[in-house]
>>> print(open('protein-v1.cif').read())   # mmCIF, C-alpha atoms
data_coords
loop_
_atom_site.group_PDB
_atom_site.id
_atom_site.type_symbol
_atom_site.label_atom_id
_atom_site.label_comp_id
_atom_site.auth_asym_id
_atom_site.auth_seq_id
_atom_site.Cartn_x
_atom_site.Cartn_y
_atom_site.Cartn_z
ATOM 1 C CA MET N 4 -14.181 7.652 50.508
ATOM 2 C CA SER N 5 -15.193 8.039 46.871
ATOM 3 C CA ALA N 6 -12.394 7.673 44.331
ATOM 4 C CA ALA N 7 -13.589 10.930 42.768
ATOM 5 C CA LEU N 8 -12.540 12.790 45.911
ATOM 6 C CA VAL N 9 -8.937 11.582 45.835
ATOM 7 C CA PRO N 10 -7.775 14.255 43.317
ATOM 8 C CA ALA N 11 -9.466 16.959 45.415
ATOM 9 C CA LEU N 12 -7.657 15.842 48.556
ATOM 10 C CA LEU N 13 -4.321 15.677 46.732
ATOM 11 C CA LEU N 14 -4.867 19.216 45.481
ATOM 12 C CA ALA N 15 -5.571 20.238 49.089
ATOM 13 C CA VAL N 16 -1.929 19.401 49.797
ATOM 14 C CA LEU N 17 -0.916 21.937 47.119
ATOM 15 C CA ILE N 18 -3.076 24.550 48.822
ATOM 16 C CA GLY N 19 -1.251 23.991 52.103
ATOM 17 C CA VAL N 20 2.150 24.063 50.387
ATOM 18 C CA SER N 21 1.400 27.398 48.736
ATOM 19 C CA LEU N 22 0.117 29.005 51.922
ATOM 20 C CA GLY N 23 3.135 27.726 53.831
ATOM 21 C CA THR N 24 5.755 28.879 51.354
ATOM 22 C CA LEU N 25 4.241 32.087 49.957
ATOM 23 C CA GLY N 26 1.756 33.274 52.588
ATOM 24 C CA SER N 27 -0.783 33.487 49.760
ATOM 25 C CA GLY N 28 -2.047 31.802 46.626
ATOM 26 C CA GLY N 29 -3.313 28.464 47.919
ATOM 27 C CA SER N 30 -6.654 29.763 49.072
ATOM 28 C CA ILE N 31 -7.621 30.962 45.619
ATOM 29 C CA ILE N 32 -7.692 27.408 44.251
ATOM 30 C CA THR N 33 -9.676 25.961 47.178
ATOM 31 C CA MET N 34 -13.016 27.143 45.796
ATOM 32 C CA PRO N 35 -12.610 25.777 42.237
ATOM 33 C CA VAL N 36 -11.233 22.479 43.584
ATOM 34 C CA LEU N 37 -14.278 22.060 45.835
ATOM 35 C CA VAL N 38 -16.658 22.986 43.004
ATOM 36 C CA TYR N 39 -15.161 21.279 39.954
ATOM 37 C CA VAL N 40 -13.311 18.344 41.521
ATOM 38 C CA ALA N 41 -15.288 17.550 44.681
ATOM 39 C CA GLY N 42 -18.657 18.526 43.161
ATOM 40 C CA ILE N 43 -19.730 20.942 45.916
ATOM 41 C CA PRO N 44 -22.305 23.640 44.915
ATOM 42 C CA PRO N 45 -20.541 27.028 44.590
ATOM 43 C CA HIS N 46 -22.393 28.773 47.400
ATOM 44 C CA ASP N 47 -21.664 25.956 49.869
ATOM 45 C CA ALA N 48 -18.056 25.726 48.648
ATOM 46 C CA VAL N 49 -17.462 29.347 49.686
ATOM 47 C CA ALA N 50 -18.156 28.562 53.355
ATOM 48 C CA MET N 51 -16.228 25.263 53.292
ATOM 49 C CA SER N 52 -13.291 27.061 51.691
ATOM 50 C CA LEU N 53 -13.240 29.594 54.520
ATOM 51 C CA VAL N 54 -12.971 26.808 57.118
ATOM 52 C CA VAL N 55 -10.070 25.142 55.291
ATOM 53 C CA VAL N 56 -8.224 28.339 54.446
ATOM 54 C CA GLY N 57 -8.711 29.991 57.830
ATOM 55 C CA THR N 58 -7.589 27.030 59.913
ATOM 56 C CA THR N 59 -4.598 26.235 57.686
ATOM 57 C CA ALA N 60 -3.499 29.869 57.730
ATOM 58 C CA ALA N 61 -3.812 30.091 61.535
ATOM 59 C CA VAL N 62 -1.616 27.029 62.039
ATOM 60 C CA GLY N 63 0.903 28.276 59.463
ATOM 61 C CA SER N 64 1.112 31.702 61.067
ATOM 62 C CA TYR N 65 1.890 30.172 64.448
ATOM 63 C CA LEU N 66 4.559 27.855 63.049
ATOM 64 C CA GLN N 67 6.286 30.494 60.931
ATOM 65 C CA SER N 68 6.110 33.379 63.390
ATOM 66 C CA ARG N 69 8.482 31.488 65.697
ATOM 67 C CA SER N 70 11.294 31.723 63.153
ATOM 68 C CA GLY N 71 10.351 34.491 60.719
ATOM 69 C CA GLY N 72 9.015 37.177 63.027
ATOM 70 C CA PHE N 73 5.632 38.884 63.136
ATOM 71 C CA HIS N 74 4.424 42.466 62.648
ATOM 72 C CA ALA N 75 1.708 42.955 65.263
ATOM 73 C CA ARG N 76 0.569 46.438 64.206
ATOM 74 C CA ALA N 77 0.013 45.516 60.564
ATOM 75 C CA ALA N 78 -1.672 42.258 61.587
ATOM 76 C CA VAL N 79 -4.110 44.020 63.928
ATOM 77 C CA VAL N 80 -5.070 46.757 61.439
ATOM 78 C CA PHE N 81 -5.546 44.350 58.527
ATOM 79 C CA ALA N 82 -7.257 41.696 60.674
ATOM 80 C CA ILE N 83 -9.859 44.001 62.257
ATOM 81 C CA THR N 84 -10.836 45.787 59.049
ATOM 82 C CA GLY N 85 -10.565 42.560 57.034
ATOM 83 C CA ALA N 86 -12.839 40.586 59.361
ATOM 84 C CA LEU N 87 -15.442 43.364 59.252
ATOM 85 C CA GLY N 88 -15.239 43.522 55.460
ATOM 86 C CA ALA N 89 -15.480 39.731 55.193
ATOM 87 C CA PHE N 90 -18.611 39.628 57.347
ATOM 88 C CA GLY N 91 -20.247 42.181 55.049
ATOM 89 C CA GLY N 92 -18.921 40.551 51.873
ATOM 90 C CA ALA N 93 -20.488 37.231 52.861
ATOM 91 C CA LYS N 94 -23.922 38.803 52.438
ATOM 92 C CA LEU N 95 -23.153 39.486 48.756
ATOM 93 C CA THR N 96 -22.402 35.848 47.832
ATOM 94 C CA HIS N 97 -26.040 34.807 47.610
ATOM 95 C CA LEU N 98 -27.067 37.804 45.509
ATOM 96 C CA VAL N 99 -25.418 36.309 42.409
ATOM 97 C CA SER N 100 -25.860 32.984 40.628
ATOM 98 C CA GLY N 101 -23.381 30.121 40.960
ATOM 99 C CA GLY N 102 -22.251 30.667 37.366
ATOM 100 C CA ALA N 103 -21.648 34.364 37.904
ATOM 101 C CA LEU N 104 -19.785 33.597 41.129
ATOM 102 C CA MET N 105 -17.397 31.249 39.328
ATOM 103 C CA ALA N 106 -16.907 33.705 36.443
ATOM 104 C CA ILE N 107 -15.918 36.445 38.890
ATOM 105 C CA PHE N 108 -13.618 33.954 40.589
ATOM 106 C CA GLY N 109 -11.969 33.011 37.282
ATOM 107 C CA ALA N 110 -11.324 36.645 36.407
ATOM 108 C CA LEU N 111 -9.846 37.255 39.845
ATOM 109 C CA MET N 112 -7.552 34.234 39.409
ATOM 110 C CA LEU N 113 -6.163 35.729 36.185
ATOM 111 C CA LEU N 114 -5.509 38.974 38.057
ATOM 112 C CA ALA N 115 -3.878 37.087 40.934
ATOM 113 C CA GLY N 116 -1.597 35.108 38.624
ATOM 114 C CA TRP N 117 -0.562 38.231 36.756
ATOM 115 C CA ARG N 118 0.163 39.994 40.064
ATOM 116 C CA MET N 119 2.351 37.100 41.226
ATOM 117 C CA LEU N 120 4.395 37.311 38.007
ATOM 118 C CA ALA N 121 4.678 41.100 37.999
ATOM 119 C CA PRO N 122 8.010 42.597 39.108
ATOM 120 C CA ALA N 123 7.985 43.875 42.669
ATOM 121 C CA GLY N 124 7.529 47.609 43.045
ATOM 122 C CA ALA N 125 9.275 49.922 45.437
ATOM 123 C CA ALA N 126 8.614 49.015 49.058
ATOM 124 C CA ALA N 127 7.529 51.397 51.776
ATOM 125 C CA PRO N 128 10.021 52.366 54.511
ATOM 126 C CA PRO N 129 10.803 49.288 56.659
ATOM 127 C CA GLY N 130 8.173 48.535 59.301
ATOM 128 C CA SER N 131 5.865 51.442 58.375
ATOM 129 C CA CYS N 132 2.118 50.818 58.413
ATOM 130 C CA HIS N 133 0.151 53.992 57.754
ATOM 131 C CA ILE N 134 -3.100 53.109 59.521
ATOM 132 C CA PRO N 135 -5.670 54.761 57.177
ATOM 133 C CA ARG N 136 -4.023 53.255 54.096
ATOM 134 C CA CYS N 137 -3.589 49.788 55.624
ATOM 135 C CA ALA N 138 -7.144 49.867 57.007
ATOM 136 C CA ALA N 139 -8.630 50.722 53.602
ATOM 137 C CA ILE N 140 -6.713 47.907 51.902
ATOM 138 C CA GLY N 141 -7.666 45.488 54.689
ATOM 139 C CA LEU N 142 -11.364 46.337 54.336
ATOM 140 C CA LEU N 143 -11.317 45.752 50.565
ATOM 141 C CA VAL N 144 -9.523 42.425 50.915
ATOM 142 C CA GLY N 145 -12.000 41.405 53.609
ATOM 143 C CA VAL N 146 -14.980 42.043 51.352
ATOM 144 C CA LEU N 147 -13.440 39.784 48.683
ATOM 145 C CA THR N 148 -12.754 37.139 51.331
ATOM 146 C CA GLY N 149 -16.353 36.957 52.490
ATOM 147 C CA PHE N 150 -17.801 37.198 48.987
ATOM 148 C CA LEU N 151 -15.662 34.566 47.257
ATOM 149 C CA GLY N 152 -14.307 32.418 50.089
ATOM 150 C CA ILE N 153 -10.671 33.363 49.467
ATOM 151 C CA GLY N 154 -8.025 34.313 51.983
ATOM 152 C CA GLY N 155 -6.935 37.343 49.986
ATOM 153 C CA GLY N 156 -3.251 36.611 50.555
ATOM 154 C CA PHE N 157 -2.336 37.466 46.968
ATOM 155 C CA LEU N 158 -3.481 41.005 47.785
ATOM 156 C CA ILE N 159 -2.323 41.059 51.415
ATOM 157 C CA MET N 160 1.258 40.020 50.666
ATOM 158 C CA PRO N 161 1.973 42.848 48.182
ATOM 159 C CA ALA N 162 0.227 45.281 50.537
ATOM 160 C CA LEU N 163 2.369 44.224 53.492
ATOM 161 C CA VAL N 164 5.559 44.575 51.447
ATOM 162 C CA LEU N 165 4.691 47.692 49.455
ATOM 163 C CA ALA N 166 2.402 49.584 51.841
ATOM 164 C CA ALA N 167 3.575 48.403 55.267
ATOM 165 C CA GLY N 168 7.286 47.940 54.486
ATOM 166 C CA LEU N 169 7.617 44.341 55.739
ATOM 167 C CA ASP N 170 10.304 41.969 54.526
ATOM 168 C CA MET N 171 9.224 38.527 53.288
ATOM 169 C CA LYS N 172 10.178 36.693 56.504
ATOM 170 C CA ARG N 173 7.828 38.882 58.521
ATOM 171 C CA ALA N 174 5.222 39.314 55.797
ATOM 172 C CA VAL N 175 4.426 35.577 55.410
ATOM 173 C CA PRO N 176 3.368 34.817 59.030
ATOM 174 C CA THR N 177 1.671 38.220 59.280
ATOM 175 C CA SER N 178 -0.253 37.546 56.058
ATOM 176 C CA LEU N 179 -1.325 34.118 57.306
ATOM 177 C CA ALA N 180 -2.645 35.590 60.564
ATOM 178 C CA ILE N 181 -4.650 38.182 58.625
ATOM 179 C CA ILE N 182 -6.028 35.483 56.305
ATOM 180 C CA ALA N 183 -7.171 33.488 59.359
ATOM 181 C CA PHE N 184 -9.038 36.469 60.818
ATOM 182 C CA ASN N 185 -10.562 37.387 57.447
ATOM 183 C CA ALA N 186 -11.739 33.811 56.946
ATOM 184 C CA ALA N 187 -13.307 33.787 60.421
ATOM 185 C CA GLY N 188 -15.220 36.978 59.636
ATOM 186 C CA GLY N 189 -16.391 35.618 56.291
ATOM 187 C CA LEU N 190 -17.430 32.311 57.845
ATOM 188 C CA ALA N 191 -19.478 34.105 60.498
ATOM 189 C CA GLY N 192 -21.389 35.797 57.702
ATOM 190 C CA GLN N 193 -21.817 32.584 55.681
ATOM 191 C CA LEU N 194 -23.031 30.249 58.449
ATOM 192 C CA ARG N 195 -26.695 31.163 58.093
ATOM 193 C CA TYR N 196 -26.694 30.415 54.361
ATOM 194 C CA ALA N 197 -24.392 27.457 53.724
ATOM 195 C CA ALA N 198 -24.823 23.698 54.064
ATOM 196 C CA PHE N 199 -21.626 21.931 55.163
ATOM 197 C CA ASP N 200 -20.245 18.553 54.259
ATOM 198 C CA TRP N 201 -18.261 18.348 57.504
ATOM 199 C CA ALA N 202 -16.607 15.019 56.692
ATOM 200 C CA LEU N 203 -15.207 16.342 53.418
ATOM 201 C CA THR N 204 -14.271 19.650 55.035
ATOM 202 C CA ALA N 205 -12.322 17.853 57.768
ATOM 203 C CA ALA N 206 -10.544 15.589 55.257
ATOM 204 C CA PHE N 207 -9.701 18.529 53.000
ATOM 205 C CA LEU N 208 -8.382 20.459 55.981
ATOM 206 C CA GLY N 209 -6.215 17.535 57.103
ATOM 207 C CA PHE N 210 -4.532 17.264 53.714
ATOM 208 C CA ALA N 211 -4.056 21.045 53.519
ATOM 209 C CA LEU N 212 -2.350 21.027 56.928
ATOM 210 C CA ALA N 213 -0.073 18.223 55.732
ATOM 211 C CA GLY N 214 0.830 20.419 52.769
ATOM 212 C CA MET N 215 1.542 23.304 55.121
ATOM 213 C CA VAL N 216 4.089 21.173 56.981
ATOM 214 C CA GLY N 217 5.573 19.939 53.704
ATOM 215 C CA GLY N 218 5.828 23.494 52.433
ATOM 216 C CA SER N 219 8.088 24.446 55.314
ATOM 217 C CA VAL N 220 10.480 21.678 54.226
ATOM 218 C CA MET N 221 10.234 22.655 50.556
ATOM 219 C CA THR N 222 11.276 26.241 51.231
ATOM 220 C CA ARG N 223 14.705 24.974 52.246
ATOM 221 C CA ARG N 224 15.211 23.194 48.903
ATOM 222 C CA VAL N 225 13.425 25.315 46.295
ATOM 223 C CA SER N 226 13.718 29.071 45.885
ATOM 224 C CA GLY N 227 10.681 31.149 46.762
ATOM 225 C CA ALA N 228 10.864 32.885 43.365
ATOM 226 C CA ALA N 229 10.626 29.561 41.503
ATOM 227 C CA LEU N 230 7.700 28.414 43.631
ATOM 228 C CA ARG N 231 5.921 31.718 43.093
ATOM 229 C CA ARG N 232 6.337 31.618 39.300
ATOM 230 C CA GLY N 233 5.170 28.012 39.034
ATOM 231 C CA PHE N 234 2.116 28.610 41.149
ATOM 232 C CA ALA N 235 1.301 31.847 39.315
ATOM 233 C CA TRP N 236 1.121 30.024 35.982
ATOM 234 C CA ALA N 237 -1.018 27.292 37.541
ATOM 235 C CA VAL N 238 -3.435 29.933 38.871
ATOM 236 C CA ILE N 239 -3.597 31.636 35.451
ATOM 237 C CA ALA N 240 -4.296 28.320 33.703
ATOM 238 C CA LEU N 241 -7.037 27.401 36.176
ATOM 239 C CA GLY N 242 -8.617 30.849 35.958
ATOM 240 C CA ALA N 243 -8.677 30.664 32.165
ATOM 241 C CA ALA N 244 -10.220 27.175 32.356
ATOM 242 C CA ILE N 245 -12.962 28.387 34.714
ATOM 243 C CA LEU N 246 -13.824 31.284 32.409
ATOM 244 C CA GLY N 247 -13.809 28.893 29.443
ATOM 245 C CA VAL N 248 -16.215 26.505 31.168
ATOM 246 C CA GLN N 249 -18.540 29.355 32.101
ATOM 247 C CA ALA N 250 -18.488 30.710 28.522
ATOM 248 C CA LEU N 251 -19.319 27.266 27.102
ATOM 249 C CA SER N 252 -22.070 26.859 29.682
ATOM 250 C CA ARG N 253 -23.671 30.144 28.710
ATOM 251 C CA ALA N 254 -23.473 29.103 25.066
ATOM 252 C CA GLY N 255 -25.221 25.846 25.908
ATOM 253 C CA ALA N 256 -22.239 23.714 24.869
ATOM 254 C CA VAL N 257 -21.846 22.044 28.293
#
>>> encode(input="protein-v1.cif", output="structure tokens")
Amino acid sequence: MSAALVPALLLAVLIGVSLGTLGSGGSIITMPVLVYVAGIPPHDAVAMSLVVVGTTAAVGSYLQSRSGGFHARAAVVFAITGALGAFGGAKLTHLVSGGALMAIFGALMLLAGWRMLAPAGAAAPPGSCHIPRCAAIGLLVGVLTGFLGIGGGFLIMPALVLAAGLDMKRAVPTSLAIIAFNAAGGLAGQLRYAAFDWALTAAFLGFALAGMVGGSVMTRRVSGAALRRGFAWAVIALGAAILGVQALSRAGAV
């Protein structure tokens, strides 16, 4: 294994930790890690990201649902509409350049980090999932999943809490299940376009799964609020760096 890939694999552990502890967040750094650290072309990185994110989320949902509970109705509504949206969103990826794709991704990372830091709003009545509202949100998140190779958990988690009325213990495994279905739908749409480095994908996935297991241990020692704040600032910093690189590239400085 090339020494240049070691940092990428170590960062894969962070992705697993974030998904395991927060039910979101980790997937949004998978794409930039694959592109800027592992050197994968952006369009191929989208599909590889979906494999890593989807599999890690599926395993995490299974592990956490045994202790934290699971909201089947919300999961089904978000998963069906999200997978359909992801399949359609995958067709949009190759309509934009790699530079534009990364610029959109950077802007979305700034939004995600800000959303993680924002105070929580008023939640919906416990356990409520108004189907038209949840379906519309699930479809939108799915389109972003297929287009950018993200799980969409940073949007799903607030939606499950605020729109579906889930508490955090039920929202995390439910969010992870939805991310897995969204990633599967996006991957189905990407398969005809992308070229895979299967060896790197498998290695990246292995380290992310190790992080998922480690995250379950970490949640017993570090507060979820502290983890969320730390990761939010990391996402903001990385998003700003991506936008900076793209601006310099357009100016011909890099």
>>> resolve_selection(input="protein-v1.cif", expression="the PyMOL selection byres ((chain N and resi 178-183) around 6)", output="MDAnalysis selection string")
chainID N and resid 26 57 60:61 64 78 82 154 174:177 184:186
>>> resolve_selection(input="protein-v1.cif", expression="the PyMOL selection byres ((chain N and resi 14-16) around 7)", output="list in words")
Pro10, Ala11, Leu12, Leu13, Leu17, Ile18, Gly19, Val20, Phe207, Phe210, Ala211, Ala213 and Gly214 of chain N
>>> residues_around(input="protein-v1.cif", residues="Ala187 in chain N", least_positions_apart="2", cutoff="12 Å", atoms="only C-alpha atoms", output="PyMOL selection string")
chain N and resi 50-61+82-83+85-90+93+145+148-149+152-154+180-185+189-194
>>> atom_distance(input="protein-v1.cif", atom1="CA of Val99 in chain N", atom2="CA of Trp117 in chain N")
25.6 Å
>>> closest_residue(input="protein-v1.cif", among="N:Ala240, N:Ala229, N:Leu246, N:Val144", to="Gly92 in chain N", atoms="all atoms listed in the file")
N:Val144
>>> resolve_selection(input="protein-v1.cif", expression="the PyMOL selection byres ((chain N and resi 139) around 12)", output="JSON list (two decimals) with C-alpha atoms, in the frame of the given file")
[["chain", "number", "residue", "atom", "x", "y", "z"],
["N", 80, "VAL", "CA", -5.07, 46.76, 61.44],
["N", 81, "PHE", "CA", -5.55, 44.35, 58.53],
["N", 82, "ALA", "CA", -7.26, 41.70, 60.67],
["N", 83, "ILE", "CA", -9.86, 44.00, 62.26],
["N", 84, "THR", "CA", -10.84, 45.79, 59.05],
["N", 85, "GLY", "CA", -10.56, 42.56, 57.03],
["N", 87, "LEU", "CA", -15.44, 43.36, 59.25],
["N", 88, "GLY", "CA", -15.24, 43.52, 55.46],
["N", 132, "CYS", "CA", 2.12, 50.82, 58.41],
["N", 133, "HIS", "CA", 0.15, 53.99, 57.75],
["N", 134, "ILE", "CA", -3.10, 53.11, 59.52],
["N", 135, "PRO", "CA", -5.67, 54.76, 57.18],
["N", 136, "ARG", "CA", -4.02, 53.26, 54.10],
["N", 137, "CYS", "CA", -3.59, 49.79, 55.62],
["N", 138, "ALA", "CA", -7.14, 49.87, 57.01],
["N", 140, "ILE", "CA", -6.71, 47.91, 51.90],
["N", 141, "GLY", "CA", -7.67, 45.49, 54.69],
["N", 142, "LEU", "CA", -11.36, 46.34, 54.34],
["N", 143, "LEU", "CA", -11.32, 45.75, 50.56],
["N", 144, "VAL", "CA", -9.52, 42.42, 50.92],
["N", 145, "GLY", "CA", -12.00, 41.40, 53.61],
["N", 146, "VAL", "CA", -14.98, 42.04, 51.35],
["N", 159, "ILE", "CA", -2.32, 41.06, 51.42],
["N", 162, "ALA", "CA", 0.23, 45.28, 50.54],
["N", 166, "ALA", "CA", 2.40, 49.58, 51.84]]
>>> atom_distance(input="protein-v1.cif", atom1="CA of Asp47 in chain N", atom2="CA of Ala197 in chain N")
5.0 Å
>>> atom_distance(input="protein-v1.cif", atom1="CA of Ala244 in chain N", atom2="CA of Ala115 in chain N")
14.6 Å
>>> closest_residue(input="protein-v1.cif", among="N:Leu147, N:Val49, N:Leu66, N:Met112", to="Tyr196 in chain N", atoms="all atoms listed in the file")
N:Val49
>>> residues_around(input="protein-v1.cif", residues="Ile239 in chain N", least_positions_apart="4", cutoff="7 Å", atoms="only C-alpha atoms", output="list in words")
Met112, Leu113, Gly116, Ala235 and Ala243 of chain N
>>> closest_residue(input="protein-v1.cif", among="N:Ala106, N:Ala167, N:Leu8, N:Ala41", to="Leu151 in chain N", atoms="only C-alpha atoms")
N:Ala106
>>> closest_residue(input="protein-v1.cif", among="N:Leu212, N:Ala254, N:Leu120, N:Ala237", to="Gly23 in chain N", atoms="all atoms listed in the file")
N:Leu212
>>> closest_residue(input="protein-v1.cif", among="N:Leu163, N:Val62, N:Gly233, N:Leu158", to="Leu114 in chain N", atoms="all atoms listed in the file")
N:Leu158
>>> decode(input="protein-v1.cif", residues="range 204-217 of chain N", atoms="N, CA, C and O atoms", output="PDB file, in the first residue's frame")
ATOM      1  N   THR N 204     -11.341   0.855  -2.243  1.00  0.00           N
ATOM      2  CA  THR N 204     -12.680   0.927  -1.678  1.00  0.00           C
ATOM      3  C   THR N 204     -12.837  -0.041  -0.511  1.00  0.00           C
ATOM      4  O   THR N 204     -13.377   0.306   0.547  1.00  0.00           O
ATOM      5  N   ALA N 205     -12.340  -1.268  -0.690  1.00  0.00           N
ATOM      6  CA  ALA N 205     -12.446  -2.277   0.367  1.00  0.00           C
ATOM      7  C   ALA N 205     -11.626  -1.875   1.593  1.00  0.00           C
ATOM      8  O   ALA N 205     -12.073  -2.024   2.739  1.00  0.00           O
ATOM      9  N   ALA N 206     -10.415  -1.347   1.370  1.00  0.00           N
ATOM     10  CA  ALA N 206      -9.577  -0.921   2.492  1.00  0.00           C
ATOM     11  C   ALA N 206     -10.218   0.245   3.233  1.00  0.00           C
ATOM     12  O   ALA N 206     -10.259   0.278   4.470  1.00  0.00           O
ATOM     13  N   PHE N 207     -10.728   1.207   2.478  1.00  0.00           N
ATOM     14  CA  PHE N 207     -11.382   2.376   3.066  1.00  0.00           C
ATOM     15  C   PHE N 207     -12.586   1.942   3.887  1.00  0.00           C
ATOM     16  O   PHE N 207     -12.812   2.431   5.003  1.00  0.00           O
ATOM     17  N   LEU N 208     -13.346   1.001   3.339  1.00  0.00           N
ATOM     18  CA  LEU N 208     -14.528   0.501   4.034  1.00  0.00           C
ATOM     19  C   LEU N 208     -14.138  -0.207   5.327  1.00  0.00           C
ATOM     20  O   LEU N 208     -14.788  -0.024   6.363  1.00  0.00           O
ATOM     21  N   GLY N 209     -13.073  -1.007   5.290  1.00  0.00           N
ATOM     22  CA  GLY N 209     -12.633  -1.710   6.489  1.00  0.00           C
ATOM     23  C   GLY N 209     -12.272  -0.768   7.618  1.00  0.00           C
ATOM     24  O   GLY N 209     -12.654  -0.979   8.776  1.00  0.00           O
ATOM     25  N   PHE N 210     -11.558   0.310   7.293  1.00  0.00           N
ATOM     26  CA  PHE N 210     -11.178   1.278   8.318  1.00  0.00           C
ATOM     27  C   PHE N 210     -12.396   2.047   8.818  1.00  0.00           C
ATOM     28  O   PHE N 210     -12.483   2.374  10.008  1.00  0.00           O
ATOM     29  N   ALA N 211     -13.342   2.352   7.921  1.00  0.00           N
ATOM     30  CA  ALA N 211     -14.558   3.050   8.349  1.00  0.00           C
ATOM     31  C   ALA N 211     -15.379   2.183   9.299  1.00  0.00           C
ATOM     32  O   ALA N 211     -15.930   2.674  10.293  1.00  0.00           O
ATOM     33  N   LEU N 212     -15.443   0.880   9.026  1.00  0.00           N
ATOM     34  CA  LEU N 212     -16.178  -0.025   9.917  1.00  0.00           C
ATOM     35  C   LEU N 212     -15.496  -0.122  11.276  1.00  0.00           C
ATOM     36  O   LEU N 212     -16.167  -0.204  12.311  1.00  0.00           O
ATOM     37  N   ALA N 213     -14.155  -0.087  11.273  1.00  0.00           N
ATOM     38  CA  ALA N 213     -13.434  -0.080  12.553  1.00  0.00           C
ATOM     39  C   ALA N 213     -13.779   1.179  13.341  1.00  0.00           C
ATOM     40  O   ALA N 213     -13.964   1.137  14.567  1.00  0.00           O
ATOM     41  N   GLY N 214     -13.891   2.306  12.638  1.00  0.00           N
ATOM     42  CA  GLY N 214     -14.282   3.545  13.300  1.00  0.00           C
ATOM     43  C   GLY N 214     -15.692   3.484  13.833  1.00  0.00           C
ATOM     44  O   GLY N 214     -15.989   4.036  14.907  1.00  0.00           O
ATOM     45  N   MET N 215     -16.573   2.795  13.118  1.00  0.00           N
ATOM     46  CA  MET N 215     -17.950   2.633  13.578  1.00  0.00           C
ATOM     47  C   MET N 215     -17.982   1.901  14.920  1.00  0.00           C
ATOM     48  O   MET N 215     -18.684   2.302  15.850  1.00  0.00           O
ATOM     49  N   VAL N 216     -17.190   0.836  15.028  1.00  0.00           N
ATOM     50  CA  VAL N 216     -17.124   0.091  16.287  1.00  0.00           C
ATOM     51  C   VAL N 216     -16.520   0.966  17.389  1.00  0.00           C
ATOM     52  O   VAL N 216     -17.015   1.010  18.515  1.00  0.00           O
ATOM     53  N   GLY N 217     -15.451   1.684  17.049  1.00  0.00           N
ATOM     54  CA  GLY N 217     -14.825   2.570  18.028  1.00  0.00           C
ATOM     55  C   GLY N 217     -15.753   3.682  18.475  1.00  0.00           C
ATOM     56  O   GLY N 217     -15.726   4.094  19.642  1.00  0.00           O
TER      57      GLY N 217
END
